[in-house]
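Everything below belongs to input-v1.csv, which stores CSV, C-alpha atoms and all ligand atoms.
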```csv
chain,number,residue,atom,x,y,z
A,1,MET,CA,9.5,10.2,20.6
A,2,VAL,CA,10.0,8.9,17.1
A,3,VAL,CA,10.5,5.2,16.8
A,4,THR,CA,12.5,4.1,13.8
A,5,ASP,CA,12.0,0.9,11.8
A,6,GLU,CA,15.6,-0.2,11.5
A,7,LYS,CA,16.2,-3.1,9.3
A,8,THR,CA,17.4,-6.4,10.6
A,9,ILE,CA,17.3,-9.2,8.2
A,10,GLU,CA,18.1,-12.4,9.9
A,11,ASN,CA,16.3,-14.6,7.6
A,12,THR,CA,17.5,-14.3,4.0
A,13,ASP,CA,14.3,-15.9,2.7
A,14,TRP,CA,12.3,-13.0,4.0
A,15,GLU,CA,9.9,-11.5,1.5
A,16,PRO,CA,8.0,-8.2,2.0
A,17,ARG,CA,4.2,-8.3,2.5
A,18,ILE,CA,2.6,-5.4,0.7
A,19,VAL,CA,-1.1,-4.4,0.8
A,20,GLY,CA,-2.5,-2.4,-2.0
A,21,PHE,CA,-5.9,-0.7,-2.1
A,22,LEU,CA,-7.0,-0.5,-5.7
A,23,CYS,CA,-9.9,1.3,-7.1
A,24,ARG,CA,-12.2,-1.0,-9.0
A,25,TRP,CA,-12.6,1.2,-12.0
A,26,CYS,CA,-9.0,1.7,-13.0
A,27,SER,CA,-6.2,0.1,-11.0
A,28,TYR,CA,-8.0,-3.1,-10.1
A,29,ALA,CA,-9.0,-3.5,-13.8
A,30,GLY,CA,-5.4,-2.8,-14.7
A,31,ALA,CA,-4.4,-5.7,-12.3
A,32,ASP,CA,-6.9,-7.9,-14.1
A,33,LEU,CA,-5.4,-7.0,-17.4
A,34,ALA,CA,-1.9,-7.7,-16.0
A,35,GLY,CA,-3.1,-11.2,-15.1
A,36,ILE,CA,-4.9,-11.8,-18.4
A,37,SER,CA,-1.8,-10.6,-20.2
A,38,ARG,CA,0.4,-12.9,-18.1
A,39,LEU,CA,2.7,-10.2,-17.0
A,40,ASP,CA,5.3,-11.3,-14.6
A,41,TYR,CA,5.3,-9.2,-11.4
A,42,PRO,CA,6.4,-9.9,-7.8
A,43,PRO,CA,3.8,-11.9,-5.9
A,44,ASN,CA,4.3,-9.9,-2.7
A,45,SER,CA,1.2,-7.8,-2.9
A,46,ILE,CA,-2.3,-8.5,-1.8
A,47,PHE,CA,-4.9,-6.4,-3.7
A,48,ILE,CA,-7.9,-5.0,-1.9
A,49,LYS,CA,-10.6,-3.8,-4.3
A,50,VAL,CA,-12.3,-0.5,-3.2
A,51,PRO,CA,-15.0,1.4,-5.1
A,52,CYS,CA,-12.8,4.5,-5.3
A,53,THR,CA,-9.5,5.5,-3.6
A,54,GLY,CA,-11.6,8.1,-1.8
A,55,ARG,CA,-13.1,5.2,0.1
A,56,VAL,CA,-9.8,4.3,1.7
A,57,ASP,CA,-10.2,5.4,5.3
A,58,PRO,CA,-6.8,6.2,7.0
A,59,THR,CA,-7.7,3.5,9.6
A,60,PHE,CA,-7.6,0.9,6.8
A,61,VAL,CA,-3.9,1.8,6.2
A,62,LEU,CA,-3.1,1.8,9.9
A,63,LYS,CA,-4.8,-1.6,10.3
A,64,ALA,CA,-2.8,-3.0,7.4
A,65,PHE,CA,0.4,-2.0,9.1
A,66,ALA,CA,-0.8,-3.2,12.5
A,67,ASP,CA,-1.7,-6.6,10.9
A,68,GLY,CA,1.9,-7.0,9.7
A,69,ALA,CA,2.1,-5.3,6.3
A,70,ASP,CA,5.7,-4.1,5.5
A,71,ALA,CA,4.2,-1.6,3.1
A,72,VAL,CA,0.9,-0.2,1.8
A,73,PHE,CA,-0.1,1.5,-1.4
A,74,ILE,CA,-3.1,3.1,-2.8
A,75,SER,CA,-3.7,3.1,-6.5
A,76,GLY,CA,-6.6,4.7,-8.5
A,77,CYS,CA,-7.7,6.5,-11.5
A,78,HIS,CA,-5.6,9.3,-12.9
A,79,LEU,CA,-6.5,12.8,-11.7
A,80,GLY,CA,-9.6,14.0,-13.7
A,81,ASP,CA,-10.7,10.4,-14.4
A,82,CYS,CA,-12.2,9.4,-11.0
A,83,HIS,CA,-15.7,8.0,-11.5
A,84,TYR,CA,-16.8,9.9,-8.4
A,85,ILE,CA,-15.4,13.1,-9.7
A,86,GLU,CA,-13.1,14.1,-7.0
A,87,GLY,CA,-12.4,11.0,-4.9
A,88,ASN,CA,-8.8,10.8,-5.9
A,89,TYR,CA,-8.2,14.5,-5.2
A,90,LYS,CA,-9.4,13.8,-1.6
A,91,THR,CA,-7.1,10.8,-1.5
A,92,MET,CA,-4.2,12.9,-2.6
A,93,ARG,CA,-4.8,15.4,0.2
A,94,ARG,CA,-5.3,12.7,2.8
A,95,PHE,CA,-2.3,10.8,1.6
A,96,GLU,CA,0.1,13.7,2.4
A,97,ILE,CA,-1.4,14.0,6.0
A,98,LEU,CA,-1.3,10.3,6.6
A,99,LYS,CA,2.2,10.0,5.3
A,100,GLU,CA,3.3,12.6,7.8
A,101,THR,CA,1.5,10.8,10.6
A,102,LEU,CA,3.1,7.5,9.6
A,103,LYS,CA,6.5,9.1,9.7
A,104,GLN,CA,5.9,10.2,13.2
A,105,LEU,CA,5.1,6.5,14.0
A,106,GLY,CA,8.5,5.6,12.6
A,107,ILE,CA,7.2,4.3,9.3
A,108,HIS,CA,9.6,5.1,6.5
A,109,GLU,CA,8.0,7.2,3.7
A,110,ARG,CA,8.8,4.5,1.1
A,111,ARG,CA,6.5,2.1,2.9
A,112,PHE,CA,3.4,4.1,2.0
A,113,GLN,CA,2.8,5.1,-1.6
A,114,LEU,CA,0.2,6.5,-3.9
A,115,THR,CA,0.0,6.0,-7.6
A,116,TRP,CA,-2.5,6.5,-10.5
A,117,ILE,CA,-2.9,3.5,-12.8
A,118,SER,CA,-5.6,3.2,-15.4
A,119,ALA,CA,-7.4,0.0,-16.6
A,120,SER,CA,-5.1,-0.1,-19.6
A,121,GLU,CA,-1.8,0.4,-17.8
A,122,ALA,CA,-1.0,-3.2,-16.8
A,123,GLN,CA,2.6,-2.6,-17.7
A,124,LYS,CA,2.8,0.5,-15.4
A,125,LEU,CA,1.3,-1.6,-12.6
A,126,LYS,CA,3.9,-4.3,-13.2
A,127,GLU,CA,6.7,-1.7,-13.1
A,128,PHE,CA,5.3,0.0,-9.9
A,129,LEU,CA,5.0,-3.4,-8.1
A,130,THR,CA,8.5,-4.4,-9.1
A,131,SER,CA,10.0,-1.1,-8.0
A,132,MET,CA,8.0,-1.0,-4.7
A,133,THR,CA,8.9,-4.6,-3.8
A,134,SER,CA,12.6,-4.1,-4.4
A,135,SER,CA,12.5,-0.8,-2.5
A,136,ILE,CA,10.9,-2.5,0.5
A,137,LYS,CA,13.3,-5.4,0.3
A,138,GLU,CA,16.1,-2.8,0.7
A,139,LEU,CA,14.4,-1.4,3.8
A,140,GLY,CA,13.9,-4.9,5.3
A,141,PRO,CA,11.0,-6.0,7.6
A,142,ILE,CA,9.1,-3.4,9.3
A,143,GLN,CA,9.7,-3.1,13.1
A,144,LEU,CA,7.2,-1.0,14.9
A,145,PRO,CA,7.1,-1.4,18.7
A,146,ILE,CA,4.6,1.4,18.7
A,147,LEU,CA,2.0,-0.8,17.0
A,148,ALA,CA,2.5,-3.8,19.3
A,149,PRO,CA,-0.4,-2.9,21.6
A,150,LEU,CA,-2.7,-2.7,18.6
A,151,GLN,CA,-1.5,-6.1,17.4
A,152,LYS,CA,-2.0,-7.5,20.9
A,153,GLU,CA,-5.5,-6.1,21.1
A,154,ASP,CA,-6.4,-7.8,17.8
A,155,LYS,CA,-5.2,-11.2,19.0
A,156,GLN,CA,-7.4,-10.9,22.1
A,157,ASP,CA,-10.4,-10.1,20.0
A,158,ASP,CA,-10.0,-13.3,17.9
A,201,LIG,S1,-13.1,5.8,-9.0
A,201,LIG,FE1,-11.0,5.4,-9.2
A,201,LIG,S2,-10.1,6.8,-7.9
A,201,LIG,FE2,-12.2,7.3,-7.8
```
Give the structure from this file in structure tokens form.
Amino acid sequence: MVVTDEKTIENTDWEPRIVGFLCRWCSYAGADLAGISRLDYPPNSIFIKVPCTGRVDPTFVLKAFADGADAVFISGCHLGDCHYIEGNYKTMRRFEILKETLKQLGIHERRFQLTWISASEAQKLKEFLTSMTSSIKELGPIQLPILAPLQKEDKQDD
């Protein structure tokens, strides 16, 4: 059974919560540059610094959704620029598999994205965040009954 995440926006003040895993060498440095350059981008994303996109375990993504993220993205060095040679190639392969799995869980494909942004591409990061945020706003809040047991388990652990 595939559960869908239909949109129901009752509260017009709703803002999406987006979690981004950014590799420290490229995209996280690009985010720093965006900040230093005072680029104006939507404040909906939380950035998590990782050593390389290859370090993003699929469970990190599932946990982000289980913890209430409306969308998740991974951003790293351009292909050929990974500081660990092929970390981003591994990520690219994993991403396709994980995206399919998430679809089976009823998570719309626009809610999980992968991008390559270098340390000098602050403007590209801004455009990506602006586009992703508006795309998730269109979809509305995520509704995933299938993740409810995970969320309950987490609350009991606290
Ligand atoms: S070091 Fe940036 S993607 Fe591997």
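Between Val19 in chain A and the candidates A:Leu39, A:Ile85, A:Ala69, A:Leu105, the tightest atom-to-atom separation, counting only C-alpha atoms, involves A:Ala69.
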- Item | Interatomic distance (Å, one decimal) between CA of Cys52 in chain A and CA of Ile97 in chain A | 18.7 Å
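Ranking A:Ala34, A:Ala66, A:Ile107, A:Leu114 by their shortest atom-to-atom distance to ligand LIG 201 (chain A), with all atoms listed in the file included, puts A:Leu114 first.
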- ligand LIG 201 (chain A) neighbours within 6 Å using all atoms listed in the file, as a count of residues only: 12
- Task: Using all atoms listed in the file, pick whichever of A:Pro42, A:Tyr89, A:Gly20, A:Asp81 has the shortest atom-to-atom distance to Ala119 in chain A.
- Result: A:Asp81
- Test item: which residues lie within 12 Å of (4.6, 0.1, -11.2) counting all atoms listed in the file, as an MDAnalysis selection string: chainID A and resid 20 27 30:31 34 39:42 45 73:75 113:118 121:135
- Task: Skip Arg17 in chain A itself and residues of its chain fewer than 3 positions away, then list as a ChimeraX atom specification all residues within 9 Å of it, counting only C-alpha atoms.
- Result: /A:44-46,68-72,133,141
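Using only C-alpha atoms, the nearest neighbour of Asp57 in chain A within the list A:Leu102, A:Arg110, A:Ile136, A:Thr91 is A:Thr91.
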- Would you work out the distance separating CA of Leu33 in chain A from CA of Leu79 in chain A, expressed in Å to one decimal? 20.6 Å
- Item | Separation of CA of Phe65 in chain A from CA of Ile18 in chain A in Å | 9.3 Å
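Across A:Glu138, A:Ala29, A:Gly35, A:Arg93, the tightest approach to Arg111 in chain A is made by A:Glu138 when counting all atoms listed in the file.
Minimum distance to Ser120 in chain A across A:Val56, A:Glu96, A:Pro43, A:His78 (counting all atoms listed in the file) occurs at A:His78.
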